[in-house]
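Text of the file start-v9.pdb, holding PDB, C-alpha atoms and all ligand atoms:
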MODEL        1
ATOM      1  CA  MET A   1      67.978  -5.101 -31.228  1.00  0.00           C
ATOM      2  CA  LEU A   2      68.405  -6.163 -34.874  1.00  0.00           C
ATOM      3  CA  THR A   3      68.010  -9.817 -33.887  1.00  0.00           C
ATOM      4  CA  GLY A   4      64.971  -8.770 -31.911  1.00  0.00           C
ATOM      5  CA  ILE A   5      63.373  -7.110 -34.917  1.00  0.00           C
ATOM      6  CA  GLY A   6      64.222 -10.203 -36.983  1.00  0.00           C
ATOM      7  CA  ILE A   7      62.454 -12.415 -34.419  1.00  0.00           C
ATOM      8  CA  MET A   8      59.489 -10.058 -34.468  1.00  0.00           C
ATOM      9  CA  ILE A   9      59.200 -10.227 -38.277  1.00  0.00           C
ATOM     10  CA  LEU A  10      59.539 -14.020 -38.278  1.00  0.00           C
ATOM     11  CA  THR A  11      56.830 -14.255 -35.615  1.00  0.00           C
ATOM     12  CA  PHE A  12      54.576 -12.002 -37.672  1.00  0.00           C
ATOM     13  CA  VAL A  13      55.009 -14.260 -40.722  1.00  0.00           C
ATOM     14  CA  ALA A  14      54.545 -17.409 -38.638  1.00  0.00           C
ATOM     15  CA  MET A  15      51.343 -15.970 -37.163  1.00  0.00           C
ATOM     16  CA  GLU A  16      49.747 -16.019 -40.613  1.00  0.00           C
ATOM     17  CA  GLY A  17      50.241 -19.797 -40.519  1.00  0.00           C
ATOM     18  CA  VAL A  18      48.905 -19.974 -36.961  1.00  0.00           C
ATOM     19  CA  ALA A  19      45.871 -17.869 -37.887  1.00  0.00           C
ATOM     20  CA  TRP A  20      45.206 -19.962 -41.000  1.00  0.00           C
ATOM     21  CA  ALA A  21      45.376 -23.249 -39.081  1.00  0.00           C
ATOM     22  CA  THR A  22      43.281 -21.910 -36.197  1.00  0.00           C
ATOM     23  CA  HIS A  23      40.655 -20.567 -38.569  1.00  0.00           C
ATOM     24  CA  LYS A  24      40.512 -23.781 -40.594  1.00  0.00           C
ATOM     25  CA  TYR A  25      40.768 -26.419 -37.888  1.00  0.00           C
ATOM     26  CA  VAL A  26      39.650 -24.726 -34.684  1.00  0.00           C
ATOM     27  CA  LEU A  27      37.112 -22.047 -35.643  1.00  0.00           C
ATOM     28  CA  HIS A  28      35.617 -24.179 -38.399  1.00  0.00           C
ATOM     29  CA  GLY A  29      36.070 -27.099 -35.989  1.00  0.00           C
ATOM     30  CA  PHE A  30      35.186 -27.402 -32.327  1.00  0.00           C
ATOM     31  CA  MET A  31      35.015 -23.630 -31.758  1.00  0.00           C
ATOM     32  CA  TRP A  32      32.453 -23.127 -34.532  1.00  0.00           C
ATOM     33  CA  PHE A  33      29.950 -22.035 -31.870  1.00  0.00           C
ATOM     34  CA  LEU A  34      32.034 -18.841 -31.497  1.00  0.00           C
ATOM     35  CA  HIS A  35      32.901 -18.321 -35.137  1.00  0.00           C
ATOM     36  CA  LYS A  36      29.369 -19.006 -36.397  1.00  0.00           C
ATOM     37  CA  SER A  37      28.407 -15.449 -35.373  1.00  0.00           C
ATOM     38  CA  HIS A  38      30.862 -14.177 -37.967  1.00  0.00           C
ATOM     39  CA  HIS A  39      29.371 -16.233 -40.802  1.00  0.00           C
ATOM     40  CA  THR A  40      25.775 -15.127 -40.194  1.00  0.00           C
ATOM     41  CA  ARG A  41      24.337 -11.788 -41.268  1.00  0.00           C
ATOM     42  CA  HIS A  42      23.240  -9.619 -38.377  1.00  0.00           C
ATOM     43  CA  GLN A  43      22.752  -6.021 -37.248  1.00  0.00           C
ATOM     44  CA  HIS A  44      24.733  -6.143 -34.005  1.00  0.00           C
ATOM     45  CA  ALA A  45      27.895  -4.137 -33.455  1.00  0.00           C
ATOM     46  CA  PHE A  46      29.700  -7.065 -31.843  1.00  0.00           C
ATOM     47  CA  GLU A  47      29.870 -10.792 -32.449  1.00  0.00           C
ATOM     48  CA  LEU A  48      30.764 -13.706 -30.207  1.00  0.00           C
ATOM     49  CA  ASN A  49      33.593 -14.230 -32.670  1.00  0.00           C
ATOM     50  CA  ASP A  50      35.184 -10.996 -31.364  1.00  0.00           C
ATOM     51  CA  LEU A  51      36.198 -12.900 -28.252  1.00  0.00           C
ATOM     52  CA  PHE A  52      38.770 -14.383 -30.524  1.00  0.00           C
ATOM     53  CA  PHE A  53      40.811 -11.190 -30.303  1.00  0.00           C
ATOM     54  CA  ALA A  54      41.483 -12.119 -26.713  1.00  0.00           C
ATOM     55  CA  TYR A  55      43.340 -15.122 -28.059  1.00  0.00           C
ATOM     56  CA  TYR A  56      46.036 -12.965 -29.707  1.00  0.00           C
ATOM     57  CA  GLY A  57      46.074 -10.627 -26.727  1.00  0.00           C
ATOM     58  CA  ILE A  58      46.557 -13.400 -24.176  1.00  0.00           C
ATOM     59  CA  LEU A  59      49.107 -15.216 -26.321  1.00  0.00           C
ATOM     60  CA  ALA A  60      51.179 -12.036 -26.661  1.00  0.00           C
ATOM     61  CA  MET A  61      50.799 -11.200 -23.000  1.00  0.00           C
ATOM     62  CA  LEU A  62      52.152 -14.601 -21.948  1.00  0.00           C
ATOM     63  CA  PHE A  63      55.320 -13.944 -23.925  1.00  0.00           C
ATOM     64  CA  PHE A  64      55.684 -10.482 -22.376  1.00  0.00           C
ATOM     65  CA  LEU A  65      55.133 -11.874 -18.866  1.00  0.00           C
ATOM     66  CA  PHE A  66      57.538 -14.773 -19.164  1.00  0.00           C
ATOM     67  CA  GLY A  67      60.363 -12.840 -20.819  1.00  0.00           C
ATOM     68  CA  GLU A  68      63.197 -12.759 -18.296  1.00  0.00           C
ATOM     69  CA  SER A  69      65.289  -9.718 -19.100  1.00  0.00           C
ATOM     70  CA  PRO A  70      63.098  -6.864 -20.359  1.00  0.00           C
ATOM     71  CA  LEU A  71      63.957  -7.282 -24.040  1.00  0.00           C
ATOM     72  CA  ASP A  72      64.775 -10.954 -24.493  1.00  0.00           C
ATOM     73  CA  TYR A  73      63.468 -12.998 -27.432  1.00  0.00           C
ATOM     74  CA  ARG A  74      60.121 -13.582 -25.747  1.00  0.00           C
ATOM     75  CA  PHE A  75      59.454  -9.868 -25.781  1.00  0.00           C
ATOM     76  CA  TRP A  76      60.000  -9.785 -29.552  1.00  0.00           C
ATOM     77  CA  ILE A  77      57.769 -12.817 -30.118  1.00  0.00           C
ATOM     78  CA  GLY A  78      55.074 -11.067 -28.087  1.00  0.00           C
ATOM     79  CA  ALA A  79      55.593  -7.918 -30.157  1.00  0.00           C
ATOM     80  CA  GLY A  80      55.280  -9.918 -33.410  1.00  0.00           C
ATOM     81  CA  ILE A  81      51.994 -11.466 -32.244  1.00  0.00           C
ATOM     82  CA  THR A  82      50.659  -8.064 -31.204  1.00  0.00           C
ATOM     83  CA  LEU A  83      51.580  -6.539 -34.562  1.00  0.00           C
ATOM     84  CA  TYR A  84      49.872  -9.403 -36.350  1.00  0.00           C
ATOM     85  CA  GLY A  85      46.747  -8.968 -34.221  1.00  0.00           C
ATOM     86  CA  VAL A  86      46.643  -5.270 -35.115  1.00  0.00           C
ATOM     87  CA  ALA A  87      47.194  -5.974 -38.840  1.00  0.00           C
ATOM     88  CA  TYR A  88      44.480  -8.637 -38.747  1.00  0.00           C
ATOM     89  CA  PHE A  89      42.036  -6.244 -37.139  1.00  0.00           C
ATOM     90  CA  LEU A  90      42.788  -3.445 -39.617  1.00  0.00           C
ATOM     91  CA  ILE A  91      42.529  -5.702 -42.673  1.00  0.00           C
ATOM     92  CA  HIS A  92      39.723  -8.009 -41.605  1.00  0.00           C
ATOM     93  CA  ASP A  93      37.464  -5.841 -39.497  1.00  0.00           C
ATOM     94  CA  VAL A  94      38.116  -2.323 -40.715  1.00  0.00           C
ATOM     95  CA  PHE A  95      39.030  -2.805 -44.375  1.00  0.00           C
ATOM     96  CA  ILE A  96      37.057  -5.914 -45.433  1.00  0.00           C
ATOM     97  CA  HIS A  97      34.007  -5.865 -43.152  1.00  0.00           C
ATOM     98  CA  ARG A  98      33.990  -2.063 -42.827  1.00  0.00           C
ATOM     99  CA  ARG A  99      33.156  -2.039 -39.134  1.00  0.00           C
ATOM    100  CA  LEU A 100      34.726   1.409 -39.018  1.00  0.00           C
ATOM    101  CA  LYS A 101      34.132   3.294 -42.222  1.00  0.00           C
ATOM    102  CA  VAL A 102      37.602   4.688 -42.825  1.00  0.00           C
ATOM    103  CA  PHE A 103      38.849   2.924 -45.951  1.00  0.00           C
ATOM    104  CA  GLY A 104      37.192   3.458 -49.308  1.00  0.00           C
ATOM    105  CA  LYS A 105      37.391   1.212 -52.349  1.00  0.00           C
ATOM    106  CA  THR A 106      40.978   0.455 -53.238  1.00  0.00           C
ATOM    107  CA  SER A 107      42.623  -0.026 -56.597  1.00  0.00           C
ATOM    108  CA  LEU A 108      45.669  -1.717 -55.067  1.00  0.00           C
ATOM    109  CA  VAL A 109      45.754  -5.237 -56.519  1.00  0.00           C
ATOM    110  CA  TYR A 110      46.961  -6.818 -53.267  1.00  0.00           C
ATOM    111  CA  LEU A 111      44.194  -5.330 -51.138  1.00  0.00           C
ATOM    112  CA  ARG A 112      41.540  -6.049 -53.749  1.00  0.00           C
ATOM    113  CA  ALA A 113      42.726  -9.679 -54.011  1.00  0.00           C
ATOM    114  CA  LEU A 114      42.704 -10.047 -50.252  1.00  0.00           C
ATOM    115  CA  ASN A 115      39.169  -8.680 -50.113  1.00  0.00           C
ATOM    116  CA  ILE A 116      37.922 -11.048 -52.854  1.00  0.00           C
ATOM    117  CA  ALA A 117      39.597 -14.036 -51.181  1.00  0.00           C
ATOM    118  CA  HIS A 118      37.885 -13.309 -47.874  1.00  0.00           C
ATOM    119  CA  ARG A 119      34.521 -12.705 -49.516  1.00  0.00           C
ATOM    120  CA  VAL A 120      34.878 -16.132 -51.131  1.00  0.00           C
ATOM    121  CA  HIS A 121      35.475 -17.478 -47.630  1.00  0.00           C
ATOM    122  CA  HIS A 122      32.200 -15.907 -46.485  1.00  0.00           C
ATOM    123  CA  LYS A 123      30.197 -17.270 -49.423  1.00  0.00           C
ATOM    124  CA  VAL A 124      29.684 -20.402 -47.365  1.00  0.00           C
ATOM    125  CA  ALA A 125      27.540 -19.675 -44.329  1.00  0.00           C
ATOM    126  CA  GLY A 126      28.039 -23.063 -42.693  1.00  0.00           C
ATOM    127  CA  LYS A 127      30.883 -24.787 -40.915  1.00  0.00           C
ATOM    128  CA  TYR A 128      32.037 -26.841 -43.903  1.00  0.00           C
ATOM    129  CA  GLY A 129      33.013 -26.127 -47.485  1.00  0.00           C
ATOM    130  CA  SER A 130      34.711 -22.708 -47.105  1.00  0.00           C
ATOM    131  CA  GLU A 131      38.039 -21.876 -48.702  1.00  0.00           C
ATOM    132  CA  SER A 132      40.826 -19.293 -48.156  1.00  0.00           C
ATOM    133  CA  PHE A 133      41.213 -19.350 -44.400  1.00  0.00           C
ATOM    134  CA  GLY A 134      44.327 -17.183 -44.356  1.00  0.00           C
ATOM    135  CA  MET A 135      44.327 -13.405 -44.146  1.00  0.00           C
ATOM    136  CA  LEU A 136      47.473 -11.639 -45.338  1.00  0.00           C
ATOM    137  CA  TRP A 137      48.724 -14.353 -47.690  1.00  0.00           C
ATOM    138  CA  VAL A 138      46.537 -14.429 -50.790  1.00  0.00           C
ATOM    139  CA  ALA A 139      46.453 -17.317 -53.289  1.00  0.00           C
ATOM    140  CA  PRO A 140      47.651 -16.308 -56.801  1.00  0.00           C
ATOM    141  CA  ARG A 141      44.273 -16.926 -58.478  1.00  0.00           C
ATOM    142  CA  TYR A 142      42.717 -14.041 -56.550  1.00  0.00           C
ATOM    143  CA  TYR A 143      45.274 -11.600 -57.963  1.00  0.00           C
ATOM    144  CA  ARG A 144      43.915 -12.376 -61.414  1.00  0.00           C
ATOM    145  CA  SER A 145      40.308 -11.663 -60.424  1.00  0.00           C
ATOM    146  CA  ALA A 146      41.498  -8.552 -58.575  1.00  0.00           C
ATOM    147  CA  SER A 147      43.273  -7.046 -61.574  1.00  0.00           C
ATOM    148  CA  ASN A 148      40.294  -7.907 -63.793  1.00  0.00           C
ATOM    149  CA  SER A 149      37.907  -6.175 -61.425  1.00  0.00           C
ATOM    150  CA  ILE A 150      40.163  -3.105 -61.187  1.00  0.00           C
ATOM    151  CA  ARG A 151      40.411  -2.964 -64.974  1.00  0.00           C
ATOM    152  CA  LYS A 152      36.619  -3.168 -65.301  1.00  0.00           C
ATOM    153  CA  GLN A 153      36.158  -0.471 -62.692  1.00  0.00           C
ATOM    154  CA  LYS A 154      38.535   1.832 -64.591  1.00  0.00           C
ATOM    155  CA  GLN A 155      36.645   1.202 -67.838  1.00  0.00           C
ATOM    156  CA  THR A 156      33.300   2.008 -66.204  1.00  0.00           C
ATOM    157  CA  ASN A 157      34.792   5.162 -64.697  1.00  0.00           C
ATOM    158  CA  ARG A 158      36.092   6.227 -68.081  1.00  0.00           C
ATOM    159  CA  GLY A 159      32.698   5.391 -69.634  1.00  0.00           C
ATOM    160  CA  SER A 160      30.809   7.517 -67.137  1.00  0.00           C
ATOM    161  CA  LEU A 161      33.176  10.438 -67.739  1.00  0.00           C
ATOM    162  CA  LEU A 162      32.427  10.306 -71.468  1.00  0.00           C
ATOM    163  CA  ASN A 163      28.668  10.234 -71.009  1.00  0.00           C
TER     164      ASN A 163
HETATM  165 ZN    ZN B 201      35.449 -18.541 -41.170  1.00  0.00          ZN
HETATM  166 ZN    ZN B 202      35.309 -12.228 -42.131  1.00  0.00          ZN
ENDMDL
END

For this file, write the structure as structure tokens.
Amino acid sequence: MLTGIGIMILTFVAMEGVAWATHKYVLHGFMWFLHKSHHTRHQHAFELNDLFFAYYGILAMLFFLFGESPLDYRFWIGAGITLYGVAYFLIHDVFIHRRLKVFGKTSLVYLRALNIAHRVHHKVAGKYGSESFGMLWVAPRYYRSASNSIRKQKQTNRGSLLN
């Protein structure tokens, strides 16, 4: 069980690498026709890019199906992929793109940094020239902009209280 959970955590961490590489080389590569829908502004509830969720689902399912005893290592790999898929959805679709309006503005540096990093990714509408393709791992420079923006927000809040 403990080994299982270890495998699951390792898979989760590894999936960040898989997601980064897929985003950078596949989605901004030969599958751009799917991902393009996510880099264009629109009013629809769904995007072609959403089909990409099936990728995590199918990948996880294969591990569940091919696991021999019910809880062998393949089960835990499948569980790690599923967890990552859920985390990706919550962070990317719910928190950053606000497809469900449940999270408000955050003053947690990590979440703010993650948000800024992904918005920088979206600054480029085309296939080439984007940066920060990862999701949960955030480059150090974004933490700086995040804490600056939180500091500014606090100052404005204080200012409006005084007025
Ligand atoms: Zn992209
Ligand atoms: Zn996005």

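Interatomic distance, atom CA of Leu62 of chain A against atom CA of Gly78 of chain A: 7.7 Å.
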
Rank A:Tyr25, A:Phe95, A:Phe63, A:Phe12 by their smallest atom-to-atom distance to ligand ZN 201 (chain B), using only C-alpha atoms and all ligand atoms, and report the top residue only. A:Tyr25

Pull out every residue that the PyMOL selection byres (((not hetatm)) within 9 of (chain B and resi 202)) matches in the shown coordinates and put them as JSON, numbers by chain. {"A": [38, 39, 92, 93, 96, 97, 118, 119, 121, 122]}

Long-range neighbours of Ser130 of chain A as a PDB file with C-alpha atoms, in the frame of the given file, 9 Å cut-off, all atoms listed in the file, 6 positions minimum in chain:
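The new file out18.pdb reads:
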ATOM      1  CA  LYS A  24      40.512 -23.781 -40.594  1.00  0.00           C
ATOM      2  CA  HIS A  28      35.617 -24.179 -38.399  1.00  0.00           C
ATOM      3  CA  VAL A 120      34.878 -16.132 -51.131  1.00  0.00           C
ATOM      4  CA  HIS A 121      35.475 -17.478 -47.630  1.00  0.00           C
ATOM      5  CA  HIS A 122      32.200 -15.907 -46.485  1.00  0.00           C
ATOM      6  CA  LYS A 123      30.197 -17.270 -49.423  1.00  0.00           C
ATOM      7  CA  VAL A 124      29.684 -20.402 -47.365  1.00  0.00           C
TER       8      VAL A 124
END

Given the PyMOL selection byres (((chain A and resi 64) around 12) and not hetatm) and the file above, list the residues it selects as a VMD selection string. chain A and resid 57 to 63 65 to 82
